[in-house]
Amino acid sequence: MNGLERFERWAGDARREAAPAPDVAFAVLERLARPEAAASRHPALGAFLSVGSVAALAALGFAGLFYGIAVVEWQSLGLDQLIAGWMP
Amino acid sequence: MEPCDPDAGDVRDSLSGDPEAFARIVRRYQAEIARLLWRFARERTTHEELVQDAFVEAYRGLRSFRGTGRFAAWLGRIAVRAGYAFWKRRARDRLRPWGAAEDLPESEASGASDARSAAERVHRLLSEMRPRDRLVLTLQYLEGRTVGEISDLSGLSRAMVKVQAWRARARLKRLLEREGER
């Protein structure tokens, strides 16, 4: 009997091996109830969340940029000094 | 699916957000999926996680089930792909893709120890092979699947399955010769 024939015989025996049969229903439902699973279960929600987070980051970036420009401009025109002079 | 098919109603109810309907699907098929995935992971904890992964993936892809074929076959494809992805992760991380002997299940049936030791030998040999070779050989020798079934389960074309099986057998033969020399 060559190597491959021996392997085929072992494989035939291995087919009869008993496999464990865990009860996974509860664990599966628990995993599906997690928020990340809920997002992937509802593609529209997932897309909304991902688009929403990108939009929020972009808005924050633009706000920072505008604030920076406004402060620099404000100071270069001397308006901050002017307003400080009016303040009591 | 047939109108009286219990899967049809449970798939529909699962998609409507009824978790108990999906739990019924899990309970109906978990033994079959666990038996199939025992070919992929032989350590109890990993095996159980893999069975869970297969059902979680099935739930996520439930909308893609068109109801034209058997639900069990569709689920089997997902399980095989989950098992194959597991082997690929293990190969990438260079971990042993099979469990220790003490993790094997107990069985009272006569001849169970022969089957177990044969399975141990087979899995140890196959774990030395590349994931794709191992997939084709596992489905062919341990599951007794035909070329058409392997193609359906793995997503490879029939021609590719034949080529892959031929190459994998040649590599296995060399591996067995090396084993015999030791």
# chains A, B, ... in the order shown; residues from 1 in each chain; ligands from 1
call {"tool": "closest_atom_pairs", "arguments": {"of": "chain A", "to": "chain B", "cutoff": "6 Å", "atoms": "only C-alpha atoms", "output": "CSV"}}
result
residue,atom,partner,partner_atom,distance
A:Gly3,CA,B:Leu176,CA,5.5
A:Leu4,CA,B:Lys173,CA,5.9
A:Trp10,CA,B:Ala118,CA,4.9
A:Ala11,CA,B:Leu142,CA,5.6
A:Asp13,CA,B:Ala115,CA,4.9
A:Ala14,CA,B:Ala119,CA,4.2
A:Arg15,CA,B:Leu142,CA,5.6
A:Arg16,CA,B:Ala115,CA,5.9
A:Glu17,CA,B:Ala115,CA,5.0
A:Ala19,CA,B:Arg35,CA,5.3
A:Pro20,CA,B:Pro105,CA,5.9
A:Ala21,CA,B:Ala31,CA,5.2
A:Ala25,CA,B:Ala23,CA,5.5
A:Val28,CA,B:Gln52,CA,5.7
A:Arg41,CA,B:Arg60,CA,5.4
